[in-house]
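First comes the structure, then the notes that go with it.
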Amino acid sequence: MTHTSIEPTVTFLRERFTRAPHAILVLGSGLGGLADEIEDAVRVPFDDIPGFPRRTQALAGHAGQLVAGRMEGVEVVAMQGRFHLYEGWKPSDVALPVRALASLGARSMLLTNAAGGIRPGFVPGDLMLIADHLNLMFQNPLIGETFPGETRFPDMSDPYDAGFRRAAEEVARELKIPVTQGVYAGLLGPTYETPAEVRMLGRLGADAVGMSTVPEVIVARAIGVKCLGISCITNLAAGLSGQALSHDEVMEVGAQVRERLVALVRGVLPRIAPLNLASEAAS
Ligand code: HPA
């Protein structure tokens with residue numbers, strides 16, 4: 001099996017973006033508004049990018065574009081919307097944007113997602129720094145030929161960088177934004193979980209559950225890109241609140257925490273992508 005070259009994607013993006021990104025931002029359901037805060041923004045729709053999966057239906061809440069520019073002095077490229085396995089994409093499709101943006105120079109990645117809260121005490125609107133994950137998608141974007149620059153058997157003992165998490169906790173304390181740390185269980189979806197599955201996940205050590213993030217982080221770690229993950233607890237996981245789950249609720253709570261999340265991301269960005277991590281200009 002041969003892998004698909006990412007060269008056309010990288011060449012195209014290098015022409016569009018005048019500066020090399022320091023950090024990749026991956027913005028989840030209802031949280032994409034963060035990209036509107038990027039200065040000197042260059043926007044490129046996913047559908048225009050060679051090699052990117054061609055989308056036939058846009059999911060509400062996922063704009064589907066790259067937004068490059070500056071945030072707090074840090075060169076960022078945001079994925080406003082992302083590719084999910086439940087949409088039918090292959091794990092290697094989900095991996096492509098991370099591989100391409102890392103090739104442009106990014107060495108840090110900050111991901112946000114919407115997640116159901118499992119840990120007792122969580123309420124909708126809580127923010128959880130992802131300390132570790134459970135890959136319950138039972139798929140892996142690294143299966144197949146090893147890409148140049150990636151390791152065959154990547155170490156996953158620090159998937160979400162401990163230093164980045166400490167920095168995020170410090171910023172949160174300074175800004176008086178309550179955050180906690182916990183384990184994110186990544187499931188395929190698109191169904192939300194059953195109450196029995198949620199009880200199982202709790203016993204397996206999960207504090208929150210969602211349908212994203214895990215494939216991107218696996219690829220990032222294979223390349224050596226350091227990750228910070230922030231889950232927005234948009235709802236209590238199935239069976240914990242007595243209410244049915246809905247995508248509308250997920251989007252609504254995402255919008256409500258926007259202000260806190262933007263403040264946290266702005267505060268933490270310069271600490272996880274300091275200038276000494278910056279690479280040379282893309283050209
Ligand atoms: N389960 C899975 N994914 C989710 C949830 C959930 O409860 N909430 C937001 N994304």
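Residues are referred to by chain and number: the chain letter is A, B, ... according to the order shown in the structure tokens, the number counts from 1 in that chain, and ligands are numbered separately from 1 in the order shown.
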**Request:** Write out as a PyMOL selection string each polymer residue (protein, DNA or RNA) that has an atom no more than 9 Å from ligand 1, with only C-alpha atoms and all ligand atoms counted.
**Result:** chain A and resi 29+113-118+185-193+198+208-212+232-238+245-247+249-251
Keeping N, CA and C atoms, export the residues of the selection given above as a tab-separated table (two decimals), in the first residue's frame.
chain	number	residue	atom	x	y	z
A	29	SER	N	-17.16	21.76	17.12
A	29	SER	CA	-18.58	22.14	16.97
A	29	SER	C	-18.93	23.34	17.83
A	113	ASN	N	-12.86	20.87	21.34
A	113	ASN	CA	-13.96	20.02	20.90
A	113	ASN	C	-15.14	20.16	21.85
A	114	ALA	N	-16.28	19.69	21.37
A	114	ALA	CA	-17.46	19.59	22.21
A	114	ALA	C	-17.50	18.17	22.74
A	115	ALA	N	-17.85	18.01	23.99
A	115	ALA	CA	-17.84	16.67	24.58
A	115	ALA	C	-18.96	16.52	25.59
A	116	GLY	N	-19.38	15.28	25.78
A	116	GLY	CA	-20.37	14.98	26.81
A	116	GLY	C	-19.64	14.72	28.12
A	117	GLY	N	-20.15	15.26	29.20
A	117	GLY	CA	-19.51	15.09	30.51
A	117	GLY	C	-19.91	13.78	31.16
A	118	ILE	N	-18.92	13.03	31.63
A	118	ILE	CA	-19.17	11.76	32.31
A	118	ILE	C	-18.84	11.88	33.79
A	185	ALA	N	-12.58	10.28	26.00
A	185	ALA	CA	-12.79	9.05	25.23
A	185	ALA	C	-13.27	9.44	23.84
A	186	GLY	N	-12.53	9.01	22.81
A	186	GLY	CA	-12.93	9.30	21.43
A	186	GLY	C	-13.66	8.11	20.85
A	187	LEU	N	-14.92	8.30	20.47
A	187	LEU	CA	-15.72	7.26	19.84
A	187	LEU	C	-16.04	7.66	18.41
A	188	LEU	N	-16.38	6.67	17.58
A	188	LEU	CA	-16.65	6.96	16.17
A	188	LEU	C	-17.87	7.85	15.95
A	189	GLY	N	-18.95	7.63	16.73
A	189	GLY	CA	-20.21	8.29	16.41
A	189	GLY	C	-20.78	7.70	15.13
A	190	PRO	N	-21.75	8.30	14.44
A	190	PRO	CA	-22.35	9.58	14.80
A	190	PRO	C	-23.44	9.49	15.86
A	191	THR	N	-23.82	8.29	16.27
A	191	THR	CA	-24.80	8.24	17.37
A	191	THR	C	-24.15	8.75	18.64
A	192	TYR	N	-24.91	9.44	19.45
A	192	TYR	CA	-24.45	9.67	20.82
A	192	TYR	C	-24.49	8.30	21.51
A	193	GLU	N	-23.91	8.23	22.69
A	193	GLU	CA	-23.78	6.95	23.37
A	193	GLU	C	-25.11	6.51	24.00
A	198	VAL	N	-22.20	4.83	28.37
A	198	VAL	CA	-21.64	5.90	29.21
A	198	VAL	C	-21.17	5.34	30.55
A	208	ALA	N	-14.88	12.42	29.88
A	208	ALA	CA	-15.70	13.08	28.86
A	208	ALA	C	-15.65	12.24	27.60
A	209	VAL	N	-16.65	12.42	26.74
A	209	VAL	CA	-16.72	11.61	25.52
A	209	VAL	C	-17.06	12.48	24.32
A	210	GLY	N	-16.38	12.19	23.20
A	210	GLY	CA	-16.65	12.94	21.98
A	210	GLY	C	-16.29	12.12	20.76
A	211	MET	N	-16.36	12.76	19.59
A	211	MET	CA	-16.21	12.02	18.32
A	211	MET	C	-15.07	12.59	17.46
A	212	SER	N	-14.09	13.21	18.08
A	212	SER	CA	-13.03	13.85	17.28
A	212	SER	C	-11.69	13.77	18.01
A	232	CYS	N	-14.99	21.34	25.61
A	232	CYS	CA	-16.09	22.10	26.19
A	232	CYS	C	-17.19	21.09	26.50
A	233	ILE	N	-17.51	20.96	27.75
A	233	ILE	CA	-18.56	20.01	28.14
A	233	ILE	C	-19.90	20.66	27.77
A	234	THR	N	-20.48	20.22	26.67
A	234	THR	CA	-21.69	20.88	26.17
A	234	THR	C	-22.96	20.26	26.74
A	235	ASN	N	-22.82	19.06	27.29
A	235	ASN	CA	-24.00	18.35	27.82
A	235	ASN	C	-23.51	17.26	28.75
A	236	LEU	N	-24.39	16.78	29.59
A	236	LEU	CA	-24.06	15.59	30.36
A	236	LEU	C	-24.26	14.40	29.43
A	237	ALA	N	-23.36	13.43	29.50
A	237	ALA	CA	-23.44	12.27	28.61
A	237	ALA	C	-24.76	11.52	28.86
A	238	ALA	N	-25.15	10.71	27.86
A	238	ALA	CA	-26.48	10.09	27.86
A	238	ALA	C	-26.76	9.34	29.16
A	245	LEU	N	-30.28	13.86	24.10
A	245	LEU	CA	-29.18	14.70	23.61
A	245	LEU	C	-29.53	15.26	22.24
A	246	SER	N	-29.11	16.49	21.97
A	246	SER	CA	-29.34	17.04	20.64
A	246	SER	C	-28.15	17.88	20.19
A	247	HIS	N	-27.91	17.85	18.88
A	247	HIS	CA	-26.82	18.64	18.30
A	247	HIS	C	-27.05	20.14	18.55
A	249	GLU	N	-28.35	21.52	21.15
A	249	GLU	CA	-27.90	21.85	22.51
A	249	GLU	C	-26.38	21.99	22.54
A	250	VAL	N	-25.71	21.07	21.84
A	250	VAL	CA	-24.25	21.10	21.78
A	250	VAL	C	-23.77	22.44	21.21
A	251	MET	N	-24.43	22.88	20.11
A	251	MET	CA	-24.04	24.13	19.46
A	251	MET	C	-24.31	25.33	20.36
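Looking only at segment 27-143 of chain A, the set that DSSP places in alpha helix (DSSP H) from backbone geometry is Pro91, Ser92, Asp93, Val94, Ala95, Leu96, Pro97, Val98, Arg99, Ala100, Leu101, Ala102 and Ser103 of chain A.
Put simply, atom CA of Asp207 of chain A is 24.6 Å away from atom CA of Glu87 of chain A.
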**Asked** Hey, which of A:Gly28, A:Leu101, A:Ser92, A:Pro21 ends up closest to Thr9 of chain A? Count only C-alpha atoms.
**Response** A:Leu101
Can you build me a table of segment 154-208 of chain A residues sitting at most 12 Å from segment 253-270 of chain A, with the closest atom pair per residue and its distance in Å to one decimal, using only C-alpha atoms, sorted by chain and residue number, as CSV?
residue,atom,partner,partner_atom,distance
A:Gly163,CA,A:Val268,CA,11.3
A:Phe164,CA,A:Val268,CA,8.2
A:Arg165,CA,A:Val268,CA,9.4
A:Arg166,CA,A:Val268,CA,10.0
A:Ala167,CA,A:Val268,CA,6.6
A:Ala168,CA,A:Val268,CA,5.6
A:Glu169,CA,A:Val268,CA,9.0
A:Glu170,CA,A:Val268,CA,8.7
A:Val171,CA,A:Gly267,CA,6.0
A:Ala172,CA,A:Leu264,CA,6.3
A:Arg173,CA,A:Leu264,CA,9.9
A:Glu174,CA,A:Gly267,CA,9.3
A:Leu175,CA,A:Leu264,CA,7.7
A:Lys176,CA,A:Arg260,CA,9.6
A:Ile177,CA,A:Arg260,CA,6.9
A:Pro178,CA,A:Arg260,CA,9.4
A:Val179,CA,A:Leu264,CA,9.9
Residues of the last selection are to be written out with C-alpha atoms, as an mmCIF file, in the first residue's frame.
data_model
loop_
_atom_site.group_PDB
_atom_site.id
_atom_site.type_symbol
_atom_site.label_atom_id
_atom_site.label_comp_id
_atom_site.auth_asym_id
_atom_site.auth_seq_id
_atom_site.Cartn_x
_atom_site.Cartn_y
_atom_site.Cartn_z
ATOM 1 C CA GLY A 163 4.014 21.718 29.985
ATOM 2 C CA PHE A 164 1.220 23.023 27.764
ATOM 3 C CA ARG A 165 -1.350 21.853 30.314
ATOM 4 C CA ARG A 166 0.519 23.598 33.124
ATOM 5 C CA ALA A 167 0.620 26.781 31.028
ATOM 6 C CA ALA A 168 -3.122 26.536 30.357
ATOM 7 C CA GLU A 169 -3.842 26.015 34.065
ATOM 8 C CA GLU A 170 -1.757 29.098 34.937
ATOM 9 C CA VAL A 171 -3.546 31.236 32.355
ATOM 10 C CA ALA A 172 -6.931 29.959 33.530
ATOM 11 C CA ARG A 173 -6.039 30.822 37.134
ATOM 12 C CA GLU A 174 -4.926 34.332 36.132
ATOM 13 C CA LEU A 175 -8.140 34.888 34.171
ATOM 14 C CA LYS A 176 -10.286 33.235 36.858
ATOM 15 C CA ILE A 177 -11.638 30.726 34.353
ATOM 16 C CA PRO A 178 -12.388 27.414 36.077
ATOM 17 C CA VAL A 179 -10.769 24.452 34.322
#
